[in-house]
Amino acid sequence: MTITLSGISKRFGDFTAVHPLDLTIPEGSFFALLGASGCGKTTTLRMIAGLEEPTAGSILLGDDDITRLPPHKRPVNTVFQNYALFPHLDVAENVAFGLRRRGVRSVRKQVEEMLELVQLGAMARRKPRQLSGGQQQRVALARALINRPRVLLLDEPLGALDLKLRRQMQLELKRIQTEVGITFVHVTHDQEEAMTMADSVAVMYQGRVEQLGPPAELYENPRSTFVANFLGTSNLIEAEVLPPEEGTSAGTDAGIRVKTAGADASASAGAGTGTGTGSGAGAGAGSGAGAGVGGDGEAALRLPSARCAVEGAEAGTKVLVGVRPEKISLTHADEAGTVPAGHNRLTGRITDASYLGVSWQYLVETPACPELTVYAQNVERDDRLVPGARVVLHWRPSHTFALDAAQDAAAGEEAL
Ligand SMILES: Nc1ncnc2c1ncn2[C@@H]1O[C@H](COP(=O)(O)OP(=O)(O)OP(=O)(O)O)[C@@H](O)[C@H]1O
């Protein structure tokens, strides 16, 4: 059932926990509210559950306005982090609880179905203390789902589990949601958890939704520094928008060129024969984004216009140019001629190389940015890539984004 929040807000005294918020959560979707502690995500969830009264705004479930309905009259169930099973009841009776309370006599079949769904059929007669954390969480899930809610709210449901179990349960929850097909609204501060499970993620920051969209869109095309840093890692480089190139006809999108300190102008456009070494995930190639060096010989980076989050950016506008560490390729300076034509490129010096097993992480000092992070898959490593080595960093213009430079470049970096 579609949930529509219109202008919903919450104040506690003078403090605004949730600023007026408009949000549509489509029927049957797995929707995540993601943000650091204190950003207002739990308050938003509690307003949907009816556990917190909004200061203003309305909540619709389908066409029904439920803003003033008490929690037990809403077709909504919540699973909390501390799932508080009844210790004296066995698994089956814990799951049957909601039905019994409503006076349903024959519960056996439904309980069996639910235990099947959460793969606990064999544990029906165990007491909660005889279960692992993950199994207990599944019982809590079955106990909520047996009431056939139209919407299931999950408040950090995996927070008490260790990392490995949490990963397993993420996949499990996703499977269960797909199987039952009802709307799940999931609150978490764990970006990986949100990205793994949700169809749509609303990233919240200081009581507001910063950006909303499918995980890949948020990751590939962040629109604020908070989203760029909170979801994974981003390199953000100070830059300034350059005037359009001569010969660009109006109406065609030639992309945006920006100037940074030290973008590599030494490589002539057209050097190399590269077939594109950038990782291919996500972002489609932007139209017209071409060579990394401006026609007038000025050092420049390029990006597609659609990936610039600054409205009406014109020559002289200050921006932060972003690129994800795994999109960057490192080439030893001696092989600079092999860098594919049209790639954005910077020259620099490796200051650190760390072996992470699945990949190598390099830190590179460049005139444009004192520390750029690069992840390279752990295959066929060039053993010249050691601290001190001169390198060319290069990546596709279509993997580049630009953000408003007026923001704090470090927003979201340390947020938990
Ligand atoms: N009953 C209350 N009275 C006063 N302030 C409150 C109350 N409940 C929440 N807040 C404040 O509102 C803000 C948002 O809280 P909320 O619980 O929604 O955050 P959150 O993003 O879910 O954080 P966490 O992950 O830590 O639970 C916080 O600064 C919190 O201190």
# chains A, B, ... in the order shown; residues from 1 in each chain; ligands from 1

$ residues_around --residues "Ala84 (chain A)" --least-positions-apart "3" --cutoff "10 Å" --atoms "only C-alpha atoms" --output "VMD selection string"
chain A and resid 79 to 81 87 128 136 to 137 140

$ residues_near_ligand --ligand "ligand 1" --cutoff "10 Å" --atoms "only C-alpha atoms and all ligand atoms" --output "count of residues only"
36

$ residues_around --residues "Asn235 (chain A)" --least-positions-apart "4" --cutoff "12 Å" --atoms "only C-alpha atoms" --output "compact mmCIF listing (two decimals) with all heavy atoms, in the first residue's frame"
# COMPACT_ATOMS: atom_id res chain seq x y z
N THR A 225 27.51 16.89 -0.95
CA THR A 225 28.73 16.31 -0.38
C THR A 225 28.38 15.27 0.68
O THR A 225 29.07 14.28 0.83
CB THR A 225 29.63 17.41 0.24
OG1 THR A 225 28.87 18.15 1.19
CG2 THR A 225 30.18 18.34 -0.82
N ALA A 228 27.64 12.12 -1.15
CA ALA A 228 28.88 11.64 -1.79
C ALA A 228 29.80 10.96 -0.77
O ALA A 228 30.44 9.96 -1.07
CB ALA A 228 29.61 12.80 -2.46
N ASN A 229 29.84 11.49 0.45
CA ASN A 229 30.76 10.95 1.46
C ASN A 229 30.11 9.87 2.33
O ASN A 229 30.79 8.97 2.81
CB ASN A 229 31.26 12.07 2.38
CG ASN A 229 32.12 13.06 1.64
OD1 ASN A 229 32.88 12.69 0.77
ND2 ASN A 229 31.99 14.33 1.98
N LEU A 320 32.88 21.45 -6.65
CA LEU A 320 33.72 20.34 -6.19
C LEU A 320 33.51 19.21 -7.20
O LEU A 320 32.37 18.74 -7.38
CB LEU A 320 33.28 19.89 -4.79
CG LEU A 320 33.57 20.87 -3.66
CD1 LEU A 320 32.77 20.50 -2.41
CD2 LEU A 320 35.06 20.90 -3.35
N VAL A 321 34.56 18.83 -7.86
CA VAL A 321 34.46 17.76 -8.85
C VAL A 321 34.68 16.44 -8.13
O VAL A 321 35.64 16.30 -7.37
CB VAL A 321 35.50 17.96 -9.96
CG1 VAL A 321 35.63 16.71 -10.80
CG2 VAL A 321 35.08 19.12 -10.83
N GLY A 322 33.78 15.48 -8.35
CA GLY A 322 33.87 14.22 -7.64
C GLY A 322 34.11 13.05 -8.56
O GLY A 322 33.67 13.04 -9.72
N VAL A 323 34.84 12.07 -8.03
CA VAL A 323 35.00 10.79 -8.73
C VAL A 323 35.22 9.72 -7.67
O VAL A 323 35.94 9.92 -6.69
CB VAL A 323 36.13 10.85 -9.78
CG1 VAL A 323 37.47 11.22 -9.17
CG2 VAL A 323 36.25 9.52 -10.53
N ARG A 324 34.58 8.58 -7.85
CA ARG A 324 34.71 7.48 -6.90
C ARG A 324 36.08 6.80 -7.06
O ARG A 324 36.58 6.67 -8.21
CB ARG A 324 33.60 6.44 -7.13
CG ARG A 324 32.18 6.98 -6.91
CD ARG A 324 31.92 7.17 -5.46
NE ARG A 324 30.51 7.44 -5.16
CZ ARG A 324 30.08 7.64 -3.92
NH1 ARG A 324 30.89 7.59 -2.88
NH2 ARG A 324 28.81 7.90 -3.70
N PRO A 325 36.65 6.30 -5.97
CA PRO A 325 38.01 5.72 -6.05
C PRO A 325 38.14 4.55 -7.02
O PRO A 325 39.20 4.35 -7.61
CB PRO A 325 38.27 5.25 -4.61
CG PRO A 325 37.34 6.03 -3.76
CD PRO A 325 36.13 6.32 -4.60
N GLU A 326 37.07 3.77 -7.18
CA GLU A 326 37.20 2.59 -8.04
C GLU A 326 37.04 2.93 -9.52
O GLU A 326 37.26 2.08 -10.37
CB GLU A 326 36.19 1.51 -7.62
CG GLU A 326 34.74 1.78 -7.96
CD GLU A 326 34.06 2.73 -6.98
OE1 GLU A 326 34.77 3.32 -6.13
OE2 GLU A 326 32.83 2.91 -7.08
N LYS A 327 36.66 4.17 -9.81
CA LYS A 327 36.53 4.57 -11.22
C LYS A 327 37.86 5.04 -11.80
O LYS A 327 37.99 5.22 -13.00
CB LYS A 327 35.53 5.72 -11.36
CG LYS A 327 34.20 5.54 -10.70
CD LYS A 327 33.36 4.50 -11.38
CE LYS A 327 31.92 4.63 -10.92
NZ LYS A 327 31.23 3.34 -10.91
N ILE A 328 38.81 5.29 -10.91
CA ILE A 328 40.10 5.85 -11.36
C ILE A 328 41.08 4.73 -11.70
O ILE A 328 41.19 3.76 -10.95
CB ILE A 328 40.71 6.74 -10.25
CG1 ILE A 328 39.74 7.86 -9.85
CG2 ILE A 328 42.04 7.33 -10.72
CD1 ILE A 328 40.25 8.74 -8.72
N LEU A 363 46.93 5.99 -2.11
CA LEU A 363 46.72 7.42 -1.85
C LEU A 363 47.69 8.15 -2.76
O LEU A 363 48.88 7.78 -2.85
CB LEU A 363 46.99 7.76 -0.39
CG LEU A 363 46.11 7.01 0.63
CD1 LEU A 363 46.46 7.44 2.06
CD2 LEU A 363 44.62 7.25 0.36
N VAL A 364 47.18 9.15 -3.45
CA VAL A 364 48.00 9.85 -4.43
C VAL A 364 47.91 11.35 -4.19
O VAL A 364 46.82 11.90 -4.02
CB VAL A 364 47.53 9.53 -5.87
CG1 VAL A 364 48.46 10.19 -6.89
CG2 VAL A 364 47.48 8.02 -6.11
N GLU A 365 49.08 11.97 -4.17
CA GLU A 365 49.15 13.42 -3.98
C GLU A 365 49.18 14.06 -5.35
O GLU A 365 49.97 13.66 -6.22
CB GLU A 365 50.46 13.70 -3.23
CG GLU A 365 50.67 15.11 -2.80
CD GLU A 365 52.04 15.24 -2.12
OE1 GLU A 365 53.02 14.61 -2.56
OE2 GLU A 365 52.09 15.96 -1.11
N THR A 366 48.31 15.04 -5.57
CA THR A 366 48.32 15.76 -6.85
C THR A 366 48.20 17.25 -6.56
O THR A 366 47.73 17.63 -5.48
CB THR A 366 47.11 15.35 -7.74
OG1 THR A 366 45.94 15.97 -7.20
CG2 THR A 366 46.91 13.86 -7.82
N ALA A 368 46.03 19.11 -7.70
CA ALA A 368 44.60 19.42 -7.62
C ALA A 368 44.01 19.10 -6.26
O ALA A 368 43.02 19.69 -5.84
CB ALA A 368 43.84 18.64 -8.70
N CYS A 369 44.61 18.16 -5.58
CA CYS A 369 44.02 17.64 -4.34
C CYS A 369 45.14 16.92 -3.58
O CYS A 369 45.84 16.09 -4.15
CB CYS A 369 42.90 16.66 -4.72
SG CYS A 369 42.04 15.94 -3.34
N PRO A 370 45.32 17.25 -2.31
CA PRO A 370 46.48 16.67 -1.59
C PRO A 370 46.39 15.16 -1.43
O PRO A 370 47.41 14.49 -1.31
CB PRO A 370 46.43 17.36 -0.23
CG PRO A 370 45.11 18.03 -0.13
CD PRO A 370 44.59 18.23 -1.51
N GLU A 371 45.20 14.61 -1.43
CA GLU A 371 45.10 13.16 -1.25
C GLU A 371 43.90 12.60 -2.01
O GLU A 371 42.75 12.85 -1.66
CB GLU A 371 44.94 12.83 0.23
CG GLU A 371 45.10 11.36 0.52
CD GLU A 371 45.11 11.10 2.02
OE1 GLU A 371 46.20 11.19 2.61
OE2 GLU A 371 44.04 10.82 2.58
N LEU A 372 44.19 11.89 -3.07
CA LEU A 372 43.13 11.20 -3.82
C LEU A 372 43.23 9.72 -3.50
O LEU A 372 44.33 9.17 -3.42
CB LEU A 372 43.30 11.42 -5.32
CG LEU A 372 42.90 12.80 -5.84
CD1 LEU A 372 43.47 13.04 -7.21
CD2 LEU A 372 41.38 12.90 -5.88
N THR A 373 42.10 9.08 -3.32
CA THR A 373 42.08 7.65 -3.05
C THR A 373 41.73 6.90 -4.33
O THR A 373 40.81 7.31 -5.06
CB THR A 373 41.03 7.34 -1.96
OG1 THR A 373 41.32 8.13 -0.82
CG2 THR A 373 41.05 5.87 -1.57
N VAL A 374 42.45 5.82 -4.58
CA VAL A 374 42.20 4.99 -5.77
C VAL A 374 42.11 3.54 -5.32
O VAL A 374 42.96 3.08 -4.55
CB VAL A 374 43.36 5.14 -6.79
CG1 VAL A 374 43.12 4.26 -8.00
CG2 VAL A 374 43.55 6.59 -7.19
N TYR A 375 41.06 2.84 -5.75
CA TYR A 375 40.98 1.40 -5.49
C TYR A 375 41.27 0.68 -6.80
O TYR A 375 40.67 1.00 -7.83
CB TYR A 375 39.58 0.97 -5.04
CG TYR A 375 39.08 1.62 -3.77
CD1 TYR A 375 37.72 1.88 -3.62
CD2 TYR A 375 39.93 1.95 -2.73
CE1 TYR A 375 37.23 2.48 -2.46
CE2 TYR A 375 39.46 2.54 -1.57
CZ TYR A 375 38.10 2.80 -1.44
OH TYR A 375 37.62 3.39 -0.31
N HIS A 399 32.13 9.32 -15.52
CA HIS A 399 32.18 8.91 -14.12
C HIS A 399 32.47 10.09 -13.19
O HIS A 399 32.76 9.90 -12.01
CB HIS A 399 33.26 7.83 -13.92
CG HIS A 399 32.85 6.50 -14.47
ND1 HIS A 399 33.75 5.58 -14.95
CD2 HIS A 399 31.63 5.95 -14.62
CE1 HIS A 399 33.09 4.51 -15.38
NE2 HIS A 399 31.80 4.71 -15.19
N THR A 400 32.39 11.27 -13.74
CA THR A 400 32.71 12.48 -12.98
C THR A 400 31.41 13.18 -12.60
O THR A 400 30.46 13.19 -13.38
CB THR A 400 33.56 13.43 -13.87
OG1 THR A 400 34.53 12.64 -14.56
CG2 THR A 400 34.22 14.51 -13.06
N PHE A 401 31.35 13.74 -11.40
CA PHE A 401 30.19 14.57 -11.03
C PHE A 401 30.69 15.87 -10.42
O PHE A 401 31.87 15.99 -10.08
CB PHE A 401 29.24 13.82 -10.08
CG PHE A 401 29.87 13.26 -8.83
CD1 PHE A 401 29.99 14.03 -7.67
CD2 PHE A 401 30.37 11.96 -8.80
CE1 PHE A 401 30.56 13.53 -6.52
CE2 PHE A 401 30.96 11.45 -7.65
CZ PHE A 401 31.05 12.22 -6.50
N ALA A 402 29.80 16.85 -10.34
CA ALA A 402 30.20 18.14 -9.77
C ALA A 402 29.15 18.61 -8.77
O ALA A 402 27.94 18.48 -9.01
CB ALA A 402 30.38 19.17 -10.87
N LEU A 403 29.62 19.11 -7.64
CA LEU A 403 28.74 19.55 -6.56
C LEU A 403 28.99 21.02 -6.24
O LEU A 403 30.07 21.55 -6.55
CB LEU A 403 29.01 18.70 -5.30
CG LEU A 403 28.95 17.18 -5.47
CD1 LEU A 403 29.39 16.49 -4.19
CD2 LEU A 403 27.54 16.75 -5.85
N ALA A 409 32.94 20.26 2.31
CA ALA A 409 33.42 19.13 1.50
C ALA A 409 33.53 17.85 2.31
O ALA A 409 33.51 16.75 1.76
CB ALA A 409 34.78 19.48 0.88
N ALA A 410 33.61 17.97 3.63
CA ALA A 410 33.79 16.77 4.47
C ALA A 410 32.48 16.29 5.09
O ALA A 410 32.49 15.31 5.86
CB ALA A 410 34.80 17.08 5.57
N GLU A 413 31.53 12.49 6.21
CA GLU A 413 32.70 11.61 6.19
C GLU A 413 32.82 10.75 7.44
O GLU A 413 33.08 9.57 7.37
CB GLU A 413 33.98 12.43 6.04
CG GLU A 413 34.43 12.49 4.61
CD GLU A 413 35.68 13.32 4.41
OE1 GLU A 413 36.38 13.60 5.39
OE2 GLU A 413 35.92 13.68 3.25

$ closest_residue --among "A:Ala313, A:Leu163, A:Ala49, A:Val339" --to "Pro70 (chain A)" --atoms "only C-alpha atoms"
A:Ala49

$ closest_residue --among "A:Gly232, A:Pro222, A:Gly348, A:Gly388" --to "Cys308 (chain A)" --atoms "only C-alpha atoms"
A:Pro222

$ atom_distance --atom1 "CA of Val258 (chain A)" --atom2 "CA of Leu346 (chain A)"
12.8 Å
